[in-house]
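Single-structure report; data block below.
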There are 2 protein chains.
Amino acid sequence: MTYCVGLLVNEGMVLLSDTRTNAGLDNIATYRKMFLFEDPGERIVAILTAGSLSVTQTTIARLREAVDHPDQALGPSIMQVGTMLEVAELVGNTLASVRRDVDEKLSAMRQTASASMIVGGQRRGGAMRMFLIYPEGNFIEATEDTPFLQIGEHKYGKPILDRVVKPETPIADARKAVFLSMDSTMRSNLSVGMPLDLAVIRRDALRVDTRQRIERDDPAFRAMSDAWSKALRDAFTGIEI
Amino acid sequence: MTYCVGLLVNEGMVLLSDTRTNAGLDNIATYRKMFLFEDPGERIVAILTAGSLSVTQTTIARLREAVDHPDQALGPSIMQVGTMLEVAELVGNTLASVRRDVDEKLSAMRQTASASMIVGGQRRGGAMRMFLIYPEGNFIEATEDTPFLQIGEHKYGKPILDRVVKPETPIADARKAVFLSMDSTMRSNLSVGMPLDLAVIRRDALRVDTRQRIERDDPAFRAMSDAWSKALRDAFTGIEI
């Protein structure tokens with residue numbers, strides 16, 4: 001399982017992903033699910049992935065190959081297409097195409113594979129945008145009304161986001177919100193786990209502001225988690241009905 | 001959709017269910033999902049239901065018919081069998097049998113129907129017990145380690161239970177915990193909705209202590225929900241990372 005979340009607020013974008021993958025409960029591994037494509041001052045594209053690892057890895061590999069070897073690519077890469085909307089379309093088409101390939105291989109086993117992605121970023125002269133790409137390649141966009149997108153095990157960590165995240169939320173609070181959302185998810189679903197990858201991209205900076213891996217024994221994260229548990233219990237004690 | 005939750009603590013049992021049912025998003029209705037069978041001083045059995053209404057209604061009707069007309073029943077009713085374990089088995093067998101009947105009718109449409117239930121209660125001379133009955137009729141039991149059971153849309157409301165519910169939790173706090181768990185669920189999933197049905201059964205009382213319907217505009221529930229939102233936001237503000 002996986003949990004990835006992206007917040008698009010007025011000050012910019014905060015992205016957080018876990019790293020746990022499993023093939024059954026007895027085969028657990030750590031894989032990065034956050035991929036950053038950066039051309040500082042020109043364009044920043046962040047991709048978070050959830051779902052079948054064979055699908056997400058191949059999709060990211062194809063996208064990266066087009067970025068690294070534009071001369072050998074069939075078309076423009078995500079770092080070349082005109083707009084963020086076109087980036088989302090290109091990621092969606094690549095994902096859908098890989099999924100079809102993998103599904104075909106799996107069809108003999110009566111199995112299917114699928115994946116979904118969060119794609120966010122900004123190009124010079126354009127707006128900062130964030131999309132959720134479905135397994136079929138279609139997508140939706142984060143808006144002022146719903147300034148966050150989630151993929152994977154999204155339910156446990158949604159109540160806190162529903163309550164505190166608005167477009168006006170400062171980056172520091174957005175960072176705290178995704179950490180607490182992830183903390184609730186990891187407590188309730190063992191198949192979402194540390195380490196975590198965090199990225200902060202400020203609006204119009206066109207580069208990654210913060211890139212951080214939070215390891216299992218990170219003291220600041222542990223302290224936050226404990227403080228949040230205590231604050232929730234105190235809040236619970238204070239409520240009357 | 002549905003959300004039902006049952007807590008089994010040292011002092012007794014607290015059960016809460018919503019009442020919203022829907023066939024598609026454009027056909028929403030209110031149906032009771034909590035059923036109490038009471039023989040004061042002898043036995044109390046509470047059943048909460050989630051899933052296909054045609055399955056749950058028929059299951060409850062068959063169980064009730066055996067209770068109301070023991071002379072016409074094929075075997076002992078849930079108010080007659082020897083132990084709470086046998087009550088769970090009887091409910092499970094009835095549920096599985098109804099599900100098979102309904103599934104057979106639906107098979108021509110390539111559809112299936114299923115349901116799950118929480119069954120809790122106590123007989124004179126026996127322990128208070130609570131079970132989660134799966135659609136196939138098998139079941140698990142609430143224990144000291146996991147003193148709560150949920151059916152339906154269970155994920156949004158689980159983090160608060162994970163954090164505050166223990167066997168030592170007093171009934172008053174257990175009541176508050178199920179209300180807050182339901183509140184989080186209703187905020188995140190529109191297909192879970194008011195009014196709510198609450199039942200409190202104290203250990204060894206062998207009768208229902210509190211039976212309460214909380215209507216949509218209930219001022220105490222509204223005040224609790226607002227206070228919890230404020231407490232969460234305040235707690236959020238106080239956290240540092």
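Simple scheme: letters A, B, ... for chains in structure tokens order, numbers from 1 for residues in each chain, numbers from 1 for ligands in the order shown.
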Closest atom pairs, chain B residues within 9 Å of chain A, only C-alpha atoms, as CSV:
residue,atom,partner,partner_atom,distance
B:Lys155,CA,A:Tyr156,CA,5.6
B:Tyr156,CA,A:Tyr156,CA,5.1
B:Gly157,CA,A:Tyr156,CA,7.7
B:Lys158,CA,A:Tyr156,CA,7.3
B:Pro159,CA,A:Ser184,CA,6.3
B:Ile160,CA,A:Leu232,CA,8.2
B:Asp162,CA,A:Ser188,CA,7.6
B:Arg163,CA,A:Ser229,CA,7.1
B:Val164,CA,A:Arg233,CA,6.6
B:Ala172,CA,A:Ile241,CA,8.7
B:Asp173,CA,A:Thr237,CA,8.2
B:Arg175,CA,A:Ile241,CA,8.5
B:Lys176,CA,A:Ile241,CA,6.6
B:Ala177,CA,A:Phe236,CA,8.0
B:Phe179,CA,A:Ile241,CA,8.9
B:Leu180,CA,A:Phe236,CA,8.8
B:Ser184,CA,A:Pro159,CA,6.2
B:Thr185,CA,A:Pro159,CA,8.1
B:Arg187,CA,A:Pro159,CA,7.6
B:Ser188,CA,A:Pro159,CA,6.5
B:Ala220,CA,A:Ile241,CA,6.3
B:Phe221,CA,A:Ile241,CA,7.1
B:Ala223,CA,A:Ile241,CA,8.2
B:Met224,CA,A:Ile241,CA,6.1
B:Ala227,CA,A:Ile239,CA,6.7
B:Trp228,CA,A:Ile239,CA,6.7
B:Ser229,CA,A:Arg163,CA,7.1
B:Ala231,CA,A:Ala235,CA,5.6
B:Leu232,CA,A:Ala235,CA,7.0
B:Arg233,CA,A:Val164,CA,6.6
B:Asp234,CA,A:Ala235,CA,8.8
B:Ala235,CA,A:Ala231,CA,5.6
B:Phe236,CA,A:Trp228,CA,7.7
B:Thr237,CA,A:Asp173,CA,8.1
B:Gly238,CA,A:Ala231,CA,8.3
B:Ile239,CA,A:Met224,CA,6.6
B:Glu240,CA,A:Met224,CA,6.4
B:Ile241,CA,A:Met224,CA,6.1
Same residues, C-alpha atoms, saved as a CSV table (one decimal), in the first residue's frame:
chain,number,residue,atom,x,y,z
B,155,LYS,CA,-11.6,4.2,8.0
B,156,TYR,CA,-12.4,7.9,8.6
B,157,GLY,CA,-13.5,7.2,12.1
B,158,LYS,CA,-10.8,4.8,13.1
B,159,PRO,CA,-7.9,7.1,14.1
B,160,ILE,CA,-9.8,8.6,17.0
B,162,ASP,CA,-7.2,3.9,17.9
B,163,ARG,CA,-6.0,6.7,20.1
B,164,VAL,CA,-8.5,7.0,22.9
B,172,ALA,CA,-19.2,8.4,29.2
B,173,ASP,CA,-15.9,8.6,27.3
B,175,ARG,CA,-20.1,7.5,24.2
B,176,LYS,CA,-18.0,10.6,23.3
B,177,ALA,CA,-15.6,8.5,21.3
B,179,PHE,CA,-19.9,10.3,18.5
B,180,LEU,CA,-16.6,11.9,17.4
B,184,SER,CA,-15.4,12.5,11.3
B,185,THR,CA,-17.0,9.9,9.1
B,187,ARG,CA,-17.7,15.0,7.4
B,188,SER,CA,-15.7,12.9,4.9
B,220,ALA,CA,-25.8,18.9,21.8
B,221,PHE,CA,-24.3,16.9,18.9
B,223,ALA,CA,-22.1,21.8,19.8
B,224,MET,CA,-19.8,18.8,20.2
B,227,ALA,CA,-16.1,22.1,19.8
B,228,TRP,CA,-14.2,19.2,18.3
B,229,SER,CA,-13.4,21.1,15.1
B,231,ALA,CA,-10.1,21.7,19.5
B,232,LEU,CA,-8.5,20.0,16.5
B,233,ARG,CA,-7.6,23.3,14.9
B,234,ASP,CA,-6.2,24.6,18.3
B,235,ALA,CA,-4.2,21.4,18.7
B,236,PHE,CA,-3.0,21.7,15.2
B,237,THR,CA,-1.8,25.3,15.9
B,238,GLY,CA,0.0,24.1,19.0
B,239,ILE,CA,2.0,21.4,17.2
B,240,GLU,CA,5.5,22.2,16.1
B,241,ILE,CA,7.7,20.5,13.5
Problem - Test item: residues at most 7 Å from region 115-122 of chain B, only C-alpha atoms, excluding those fewer than 3 positions along its chain, as a PyMOL selection string - result: chain B and resi 43-52+55-56+84+88+126-135+151+206
Least-squares align chain B to chain A using all Cα atoms paired by position, then dump the moved coordinates as a PDB file with C-alpha atoms, in the first residue's frame.
ATOM      1  CA  MET B   1       0.002   0.033  -0.014  1.00  0.00           C
ATOM      2  CA  THR B   2       0.952   3.662  -0.301  1.00  0.00           C
ATOM      3  CA  TYR B   3      -0.062   7.071   0.887  1.00  0.00           C
ATOM      4  CA  CYS B   4       0.866  10.183  -1.056  1.00  0.00           C
ATOM      5  CA  VAL B   5      -0.605  13.627  -0.568  1.00  0.00           C
ATOM      6  CA  GLY B   6      -0.126  16.962  -2.273  1.00  0.00           C
ATOM      7  CA  LEU B   7      -1.327  20.358  -1.037  1.00  0.00           C
ATOM      8  CA  LEU B   8      -1.634  23.331  -3.348  1.00  0.00           C
ATOM      9  CA  VAL B   9      -1.872  26.545  -1.323  1.00  0.00           C
ATOM     10  CA  ASN B  10      -1.369  30.181  -2.212  1.00  0.00           C
ATOM     11  CA  GLU B  11       2.279  30.140  -1.158  1.00  0.00           C
ATOM     12  CA  GLY B  12       3.098  26.999  -3.095  1.00  0.00           C
ATOM     13  CA  MET B  13       3.004  23.236  -3.015  1.00  0.00           C
ATOM     14  CA  VAL B  14       3.808  20.648  -0.333  1.00  0.00           C
ATOM     15  CA  LEU B  15       4.154  16.991  -1.303  1.00  0.00           C
ATOM     16  CA  LEU B  16       4.640  13.986   0.960  1.00  0.00           C
ATOM     17  CA  SER B  17       4.942  10.288   0.167  1.00  0.00           C
ATOM     18  CA  ASP B  18       5.739   7.147   2.102  1.00  0.00           C
ATOM     19  CA  THR B  19       8.127   4.514   0.728  1.00  0.00           C
ATOM     20  CA  ARG B  20       6.652   1.163   1.695  1.00  0.00           C
ATOM     21  CA  THR B  21       5.771  -1.361  -0.982  1.00  0.00           C
ATOM     22  CA  ASN B  22       4.609  -4.877  -0.481  1.00  0.00           C
ATOM     23  CA  ALA B  23       3.837  -7.937  -2.558  1.00  0.00           C
ATOM     24  CA  GLY B  24       1.787  -9.767   0.008  1.00  0.00           C
ATOM     25  CA  LEU B  25       2.351  -9.144   3.693  1.00  0.00           C
ATOM     26  CA  ASP B  26       5.597 -11.110   3.766  1.00  0.00           C
ATOM     27  CA  ASN B  27       7.448  -9.214   1.060  1.00  0.00           C
ATOM     28  CA  ILE B  28       7.954  -5.635   2.138  1.00  0.00           C
ATOM     29  CA  ALA B  29      10.453  -3.239   0.636  1.00  0.00           C
ATOM     30  CA  THR B  30      11.332   0.438   0.487  1.00  0.00           C
ATOM     31  CA  TYR B  31      10.943   2.278  -2.802  1.00  0.00           C
ATOM     32  CA  ARG B  32      10.920   5.982  -3.513  1.00  0.00           C
ATOM     33  CA  LYS B  33       7.505   7.173  -4.701  1.00  0.00           C
ATOM     34  CA  MET B  34       8.382  10.823  -5.240  1.00  0.00           C
ATOM     35  CA  PHE B  35      10.141  11.940  -8.419  1.00  0.00           C
ATOM     36  CA  LEU B  36      11.299  15.498  -9.023  1.00  0.00           C
ATOM     37  CA  PHE B  37      12.167  16.855 -12.469  1.00  0.00           C
ATOM     38  CA  GLU B  38      13.837  20.220 -12.120  1.00  0.00           C
ATOM     39  CA  ASP B  39      15.134  22.776 -14.600  1.00  0.00           C
ATOM     40  CA  PRO B  40      15.768  25.630 -12.147  1.00  0.00           C
ATOM     41  CA  GLY B  41      14.223  28.898 -13.190  1.00  0.00           C
ATOM     42  CA  GLU B  42      12.451  27.217 -16.105  1.00  0.00           C
ATOM     43  CA  ARG B  43      10.300  24.369 -14.838  1.00  0.00           C
ATOM     44  CA  ILE B  44       9.682  22.094 -11.885  1.00  0.00           C
ATOM     45  CA  VAL B  45       7.565  18.933 -12.117  1.00  0.00           C
ATOM     46  CA  ALA B  46       6.908  16.607  -9.182  1.00  0.00           C
ATOM     47  CA  ILE B  47       5.319  13.184  -9.559  1.00  0.00           C
ATOM     48  CA  LEU B  48       4.028  10.993  -6.724  1.00  0.00           C
ATOM     49  CA  THR B  49       3.082   7.386  -7.469  1.00  0.00           C
ATOM     50  CA  ALA B  50       0.759   4.759  -5.999  1.00  0.00           C
ATOM     51  CA  GLY B  51      -0.159   1.300  -7.216  1.00  0.00           C
ATOM     52  CA  SER B  52       1.616  -1.531  -8.949  1.00  0.00           C
ATOM     53  CA  LEU B  53       5.372  -0.950  -8.788  1.00  0.00           C
ATOM     54  CA  SER B  54       5.929  -2.506 -12.212  1.00  0.00           C
ATOM     55  CA  VAL B  55       3.572   0.079 -13.710  1.00  0.00           C
ATOM     56  CA  THR B  56       4.858   3.116 -11.816  1.00  0.00           C
ATOM     57  CA  GLN B  57       8.559   2.311 -12.334  1.00  0.00           C
ATOM     58  CA  THR B  58       8.159   1.785 -16.065  1.00  0.00           C
ATOM     59  CA  THR B  59       6.071   4.947 -16.413  1.00  0.00           C
ATOM     60  CA  ILE B  60       8.649   7.053 -14.573  1.00  0.00           C
ATOM     61  CA  ALA B  61      11.478   5.403 -16.544  1.00  0.00           C
ATOM     62  CA  ARG B  62       9.833   6.246 -19.869  1.00  0.00           C
ATOM     63  CA  LEU B  63       9.164   9.841 -18.785  1.00  0.00           C
ATOM     64  CA  ARG B  64      12.738  10.227 -17.567  1.00  0.00           C
ATOM     65  CA  GLU B  65      14.226   8.706 -20.700  1.00  0.00           C
ATOM     66  CA  ALA B  66      12.423  11.282 -22.815  1.00  0.00           C
ATOM     67  CA  VAL B  67      13.777  14.020 -20.539  1.00  0.00           C
ATOM     68  CA  ASP B  68      17.363  12.677 -20.583  1.00  0.00           C
ATOM     69  CA  HIS B  69      17.499  11.812 -24.289  1.00  0.00           C
ATOM     70  CA  PRO B  70      15.234  14.287 -26.069  1.00  0.00           C
ATOM     71  CA  ASP B  71      16.912  13.469 -29.401  1.00  0.00           C
ATOM     72  CA  GLN B  72      15.822   9.812 -29.225  1.00  0.00           C
ATOM     73  CA  ALA B  73      12.302  10.531 -27.932  1.00  0.00           C
ATOM     74  CA  LEU B  74       9.213  10.215 -30.111  1.00  0.00           C
ATOM     75  CA  GLY B  75       7.815  13.509 -28.865  1.00  0.00           C
ATOM     76  CA  PRO B  76       8.472  16.326 -26.386  1.00  0.00           C
ATOM     77  CA  SER B  77       9.157  15.352 -22.755  1.00  0.00           C
ATOM     78  CA  ILE B  78       7.381  16.623 -19.640  1.00  0.00           C
ATOM     79  CA  MET B  79      10.134  19.267 -19.436  1.00  0.00           C
ATOM     80  CA  GLN B  80       9.410  20.440 -22.974  1.00  0.00           C
ATOM     81  CA  VAL B  81       5.641  20.438 -23.526  1.00  0.00           C
ATOM     82  CA  GLY B  82       3.977  23.832 -23.463  1.00  0.00           C
ATOM     83  CA  THR B  83       1.909  23.829 -20.292  1.00  0.00           C
ATOM     84  CA  MET B  84       1.327  21.968 -17.011  1.00  0.00           C
ATOM     85  CA  LEU B  85      -1.928  20.702 -18.506  1.00  0.00           C
ATOM     86  CA  GLU B  86       0.098  19.091 -21.280  1.00  0.00           C
ATOM     87  CA  VAL B  87       2.441  17.627 -18.655  1.00  0.00           C
ATOM     88  CA  ALA B  88      -0.573  16.002 -16.984  1.00  0.00           C
ATOM     89  CA  GLU B  89      -1.803  14.695 -20.323  1.00  0.00           C
ATOM     90  CA  LEU B  90       1.608  13.275 -21.184  1.00  0.00           C
ATOM     91  CA  VAL B  91       1.960  11.571 -17.796  1.00  0.00           C
ATOM     92  CA  GLY B  92      -1.608  10.236 -18.109  1.00  0.00           C
ATOM     93  CA  ASN B  93      -1.034   8.869 -21.590  1.00  0.00           C
ATOM     94  CA  THR B  94       2.268   7.246 -20.582  1.00  0.00           C
ATOM     95  CA  LEU B  95       0.691   5.716 -17.474  1.00  0.00           C
ATOM     96  CA  ALA B  96      -2.287   4.369 -19.443  1.00  0.00           C
ATOM     97  CA  SER B  97      -0.031   2.934 -22.126  1.00  0.00           C
ATOM     98  CA  VAL B  98       2.244   1.182 -19.590  1.00  0.00           C
ATOM     99  CA  ARG B  99      -0.785  -0.137 -17.723  1.00  0.00           C
ATOM    100  CA  ARG B 100      -2.166  -1.658 -20.932  1.00  0.00           C
ATOM    101  CA  ASP B 101       1.206  -3.319 -21.668  1.00  0.00           C
ATOM    102  CA  VAL B 102       1.464  -4.773 -18.166  1.00  0.00           C
ATOM    103  CA  ASP B 103      -2.204  -5.803 -18.128  1.00  0.00           C
ATOM    104  CA  GLU B 104      -1.679  -7.716 -21.364  1.00  0.00           C
ATOM    105  CA  LYS B 105       1.222  -9.635 -19.818  1.00  0.00           C
ATOM    106  CA  LEU B 106      -0.864 -10.369 -16.716  1.00  0.00           C
ATOM    107  CA  SER B 107      -4.038 -11.329 -18.523  1.00  0.00           C
ATOM    108  CA  ALA B 108      -2.944 -14.976 -18.765  1.00  0.00           C
ATOM    109  CA  MET B 109      -2.959 -15.003 -14.936  1.00  0.00           C
ATOM    110  CA  ARG B 110      -6.346 -13.269 -14.749  1.00  0.00           C
ATOM    111  CA  GLN B 111      -4.659 -10.440 -12.873  1.00  0.00           C
ATOM    112  CA  THR B 112      -4.548  -6.721 -13.527  1.00  0.00           C
ATOM    113  CA  ALA B 113      -2.155  -3.982 -12.513  1.00  0.00           C
ATOM    114  CA  SER B 114      -2.898  -0.327 -12.142  1.00  0.00           C
ATOM    115  CA  ALA B 115      -1.502   2.830 -10.668  1.00  0.00           C
ATOM    116  CA  SER B 116      -2.388   6.438 -10.027  1.00  0.00           C
ATOM    117  CA  MET B 117      -0.229   9.530  -9.723  1.00  0.00           C
ATOM    118  CA  ILE B 118      -0.170  13.073  -8.442  1.00  0.00           C
ATOM    119  CA  VAL B 119       1.542  15.491 -10.818  1.00  0.00           C
ATOM    120  CA  GLY B 120       2.285  19.029  -9.716  1.00  0.00           C
ATOM    121  CA  GLY B 121       4.513  21.825 -10.819  1.00  0.00           C
ATOM    122  CA  GLN B 122       4.965  25.061 -12.647  1.00  0.00           C
ATOM    123  CA  ARG B 123       6.603  26.303 -15.837  1.00  0.00           C
ATOM    124  CA  ARG B 124       8.056  29.775 -16.310  1.00  0.00           C
ATOM    125  CA  GLY B 125       5.215  32.123 -17.225  1.00  0.00           C
ATOM    126  CA  GLY B 126       2.522  29.650 -16.199  1.00  0.00           C
ATOM    127  CA  ALA B 127       0.418  28.947 -13.118  1.00  0.00           C
ATOM    128  CA  MET B 128       1.324  26.410 -10.467  1.00  0.00           C
ATOM    129  CA  ARG B 129      -1.012  23.422 -10.912  1.00  0.00           C
ATOM    130  CA  MET B 130      -1.565  19.992  -9.424  1.00  0.00           C
ATOM    131  CA  PHE B 131      -3.353  16.989 -10.927  1.00  0.00           C
ATOM    132  CA  LEU B 132      -4.450  13.526  -9.844  1.00  0.00           C
ATOM    133  CA  ILE B 133      -3.937  11.070 -12.722  1.00  0.00           C
ATOM    134  CA  TYR B 134      -6.204   8.028 -12.725  1.00  0.00           C
ATOM    135  CA  PRO B 135      -5.065   4.576 -13.931  1.00  0.00           C
ATOM    136  CA  GLU B 136      -6.872   5.128 -17.241  1.00  0.00           C
ATOM    137  CA  GLY B 137      -4.912   8.324 -17.868  1.00  0.00           C
ATOM    138  CA  ASN B 138      -7.714  10.843 -17.247  1.00  0.00           C
ATOM    139  CA  PHE B 139      -7.206  13.342 -14.459  1.00  0.00           C
ATOM    140  CA  ILE B 140      -8.668  15.929 -12.102  1.00  0.00           C
ATOM    141  CA  GLU B 141      -7.102  19.098 -10.770  1.00  0.00           C
ATOM    142  CA  ALA B 142      -6.716  20.588  -7.288  1.00  0.00           C
ATOM    143  CA  THR B 143      -8.790  23.752  -6.913  1.00  0.00           C
ATOM    144  CA  GLU B 144      -9.459  26.465  -4.351  1.00  0.00           C
ATOM    145  CA  ASP B 145     -12.365  24.398  -3.025  1.00  0.00           C
ATOM    146  CA  THR B 146     -10.305  21.235  -2.750  1.00  0.00           C
ATOM    147  CA  PRO B 147      -6.697  22.318  -2.417  1.00  0.00           C
ATOM    148  CA  PHE B 148      -5.336  18.817  -1.774  1.00  0.00           C
ATOM    149  CA  LEU B 149      -5.054  15.543  -3.679  1.00  0.00           C
ATOM    150  CA  GLN B 150      -4.400  12.078  -2.263  1.00  0.00           C
ATOM    151  CA  ILE B 151      -3.564   8.683  -3.754  1.00  0.00           C
ATOM    152  CA  GLY B 152      -3.299   5.265  -2.145  1.00  0.00           C
ATOM    153  CA  GLU B 153      -4.615   4.741   1.387  1.00  0.00           C
ATOM    154  CA  HIS B 154      -6.305   8.130   1.562  1.00  0.00           C
ATOM    155  CA  LYS B 155      -9.125   7.785   4.078  1.00  0.00           C
ATOM    156  CA  TYR B 156      -7.364   7.704   7.449  1.00  0.00           C
ATOM    157  CA  GLY B 157      -5.509  10.914   6.725  1.00  0.00           C
ATOM    158  CA  LYS B 158      -8.352  12.878   5.148  1.00  0.00           C
ATOM    159  CA  PRO B 159     -10.265  14.186   8.213  1.00  0.00           C
ATOM    160  CA  ILE B 160      -7.348  16.376   9.378  1.00  0.00           C
ATOM    161  CA  LEU B 161      -6.915  17.810   5.856  1.00  0.00           C
ATOM    162  CA  ASP B 162     -10.653  18.453   5.544  1.00  0.00           C
ATOM    163  CA  ARG B 163     -10.483  20.466   8.743  1.00  0.00           C
ATOM    164  CA  VAL B 164      -7.339  22.563   8.446  1.00  0.00           C
ATOM    165  CA  VAL B 165      -6.271  22.981   4.810  1.00  0.00           C
ATOM    166  CA  LYS B 166      -7.383  26.041   2.853  1.00  0.00           C
ATOM    167  CA  PRO B 167      -5.703  27.979   0.034  1.00  0.00           C
ATOM    168  CA  GLU B 168      -4.637  30.591   2.621  1.00  0.00           C
ATOM    169  CA  THR B 169      -2.839  27.976   4.758  1.00  0.00           C
ATOM    170  CA  PRO B 170       0.843  29.013   5.049  1.00  0.00           C
ATOM    171  CA  ILE B 171       3.493  26.593   3.764  1.00  0.00           C
ATOM    172  CA  ALA B 172       4.660  25.845   7.335  1.00  0.00           C
ATOM    173  CA  ASP B 173       1.138  24.760   8.304  1.00  0.00           C
ATOM    174  CA  ALA B 174       0.680  22.828   5.061  1.00  0.00           C
ATOM    175  CA  ARG B 175       3.873  20.919   5.881  1.00  0.00           C
ATOM    176  CA  LYS B 176       2.532  20.167   9.368  1.00  0.00           C
ATOM    177  CA  ALA B 177      -0.832  19.096   7.937  1.00  0.00           C
ATOM    178  CA  VAL B 178       0.669  16.533   5.537  1.00  0.00           C
ATOM    179  CA  PHE B 179       2.889  15.165   8.325  1.00  0.00           C
ATOM    180  CA  LEU B 180      -0.112  14.718  10.645  1.00  0.00           C
ATOM    181  CA  SER B 181      -2.191  13.223   7.841  1.00  0.00           C
ATOM    182  CA  MET B 182       0.612  10.722   7.164  1.00  0.00           C
ATOM    183  CA  ASP B 183       1.001  10.023  10.883  1.00  0.00           C
ATOM    184  CA  SER B 184      -2.688   9.074  11.214  1.00  0.00           C
ATOM    185  CA  THR B 185      -2.417   6.851   8.135  1.00  0.00           C
ATOM    186  CA  MET B 186       0.686   5.014   9.351  1.00  0.00           C
ATOM    187  CA  ARG B 187      -0.936   4.381  12.742  1.00  0.00           C
ATOM    188  CA  SER B 188      -3.982   2.751  11.153  1.00  0.00           C
ATOM    189  CA  ASN B 189      -2.400   0.948   8.173  1.00  0.00           C
ATOM    190  CA  LEU B 190       0.843  -0.965   8.627  1.00  0.00           C
ATOM    191  CA  SER B 191       1.393  -1.145   4.878  1.00  0.00           C
ATOM    192  CA  VAL B 192       2.094   2.597   4.813  1.00  0.00           C
ATOM    193  CA  GLY B 193       5.484   3.272   6.410  1.00  0.00           C
ATOM    194  CA  MET B 194       8.621   5.298   6.965  1.00  0.00           C
ATOM    195  CA  PRO B 195      10.891   6.674   5.643  1.00  0.00           C
ATOM    196  CA  LEU B 196       8.981   9.587   4.128  1.00  0.00           C
ATOM    197  CA  ASP B 197       9.868  11.940   1.288  1.00  0.00           C
ATOM    198  CA  LEU B 198       8.866  15.583   1.567  1.00  0.00           C
ATOM    199  CA  ALA B 199       9.142  18.282  -1.064  1.00  0.00           C
ATOM    200  CA  VAL B 200       8.204  21.940  -0.807  1.00  0.00           C
ATOM    201  CA  ILE B 201       7.964  24.065  -3.945  1.00  0.00           C
ATOM    202  CA  ARG B 202       7.214  27.750  -3.506  1.00  0.00           C
ATOM    203  CA  ARG B 203       5.020  29.490  -6.055  1.00  0.00           C
ATOM    204  CA  ASP B 204       7.000  31.126  -8.874  1.00  0.00           C
ATOM    205  CA  ALA B 205      10.342  29.843  -7.503  1.00  0.00           C
ATOM    206  CA  LEU B 206      10.535  27.253 -10.321  1.00  0.00           C
ATOM    207  CA  ARG B 207      12.808  25.080  -8.204  1.00  0.00           C
ATOM    208  CA  VAL B 208      12.501  22.769  -5.220  1.00  0.00           C
ATOM    209  CA  ASP B 209      12.710  24.758  -2.001  1.00  0.00           C
ATOM    210  CA  THR B 210      12.974  21.843   0.433  1.00  0.00           C
ATOM    211  CA  ARG B 211      13.663  18.198  -0.273  1.00  0.00           C
ATOM    212  CA  GLN B 212      13.830  16.038   2.809  1.00  0.00           C
ATOM    213  CA  ARG B 213      13.851  12.343   3.649  1.00  0.00           C
ATOM    214  CA  ILE B 214      12.411  11.640   7.097  1.00  0.00           C
ATOM    215  CA  GLU B 215      13.901   8.435   8.458  1.00  0.00           C
ATOM    216  CA  ARG B 216      12.188   5.986  10.775  1.00  0.00           C
ATOM    217  CA  ASP B 217      13.892   7.318  13.901  1.00  0.00           C
ATOM    218  CA  ASP B 218      13.622  11.014  13.033  1.00  0.00           C
ATOM    219  CA  PRO B 219      13.374  12.747  16.449  1.00  0.00           C
ATOM    220  CA  ALA B 220      11.393  15.752  15.193  1.00  0.00           C
ATOM    221  CA  PHE B 221       8.764  13.557  13.507  1.00  0.00           C
ATOM    222  CA  ARG B 222       8.578  11.310  16.567  1.00  0.00           C
ATOM    223  CA  ALA B 223       8.122  14.352  18.832  1.00  0.00           C
ATOM    224  CA  MET B 224       5.404  15.746  16.557  1.00  0.00           C
ATOM    225  CA  SER B 225       3.593  12.404  16.515  1.00  0.00           C
ATOM    226  CA  ASP B 226       3.705  12.144  20.318  1.00  0.00           C
ATOM    227  CA  ALA B 227       2.636  15.764  20.772  1.00  0.00           C
ATOM    228  CA  TRP B 228      -0.287  15.236  18.379  1.00  0.00           C
ATOM    229  CA  SER B 229      -1.418  12.127  20.240  1.00  0.00           C
ATOM    230  CA  LYS B 230      -1.290  14.027  23.506  1.00  0.00           C
ATOM    231  CA  ALA B 231      -3.089  17.050  22.021  1.00  0.00           C
ATOM    232  CA  LEU B 232      -5.835  14.789  20.625  1.00  0.00           C
ATOM    233  CA  ARG B 233      -6.280  13.053  23.970  1.00  0.00           C
ATOM    234  CA  ASP B 234      -6.376  16.413  25.758  1.00  0.00           C
ATOM    235  CA  ALA B 235      -8.869  17.747  23.230  1.00  0.00           C
ATOM    236  CA  PHE B 236     -10.929  14.593  23.707  1.00  0.00           C
ATOM    237  CA  THR B 237     -10.917  15.084  27.474  1.00  0.00           C
ATOM    238  CA  GLY B 238     -12.099  18.670  27.057  1.00  0.00           C
ATOM    239  CA  ILE B 239     -15.075  17.839  24.851  1.00  0.00           C
ATOM    240  CA  GLU B 240     -18.471  17.474  26.487  1.00  0.00           C
ATOM    241  CA  ILE B 241     -21.598  15.724  25.325  1.00  0.00           C
TER     242      ILE B 241
END
Problem - DSSP strand (DSSP E or B) selection over region 1-207 of chain A, as number ranges by chain - result: A: 3-9, 12-17, 20-22, 28-30, 34-39, 43-51, 115-123, 129-133, 139-141, 148-152, 196-202
Problem - Members of region 49-194 of chain A assigned alpha helix (DSSP H) by DSSP, as a PyMOL selection string - result: chain A and resi 53-68+84-106+158-164+171-188
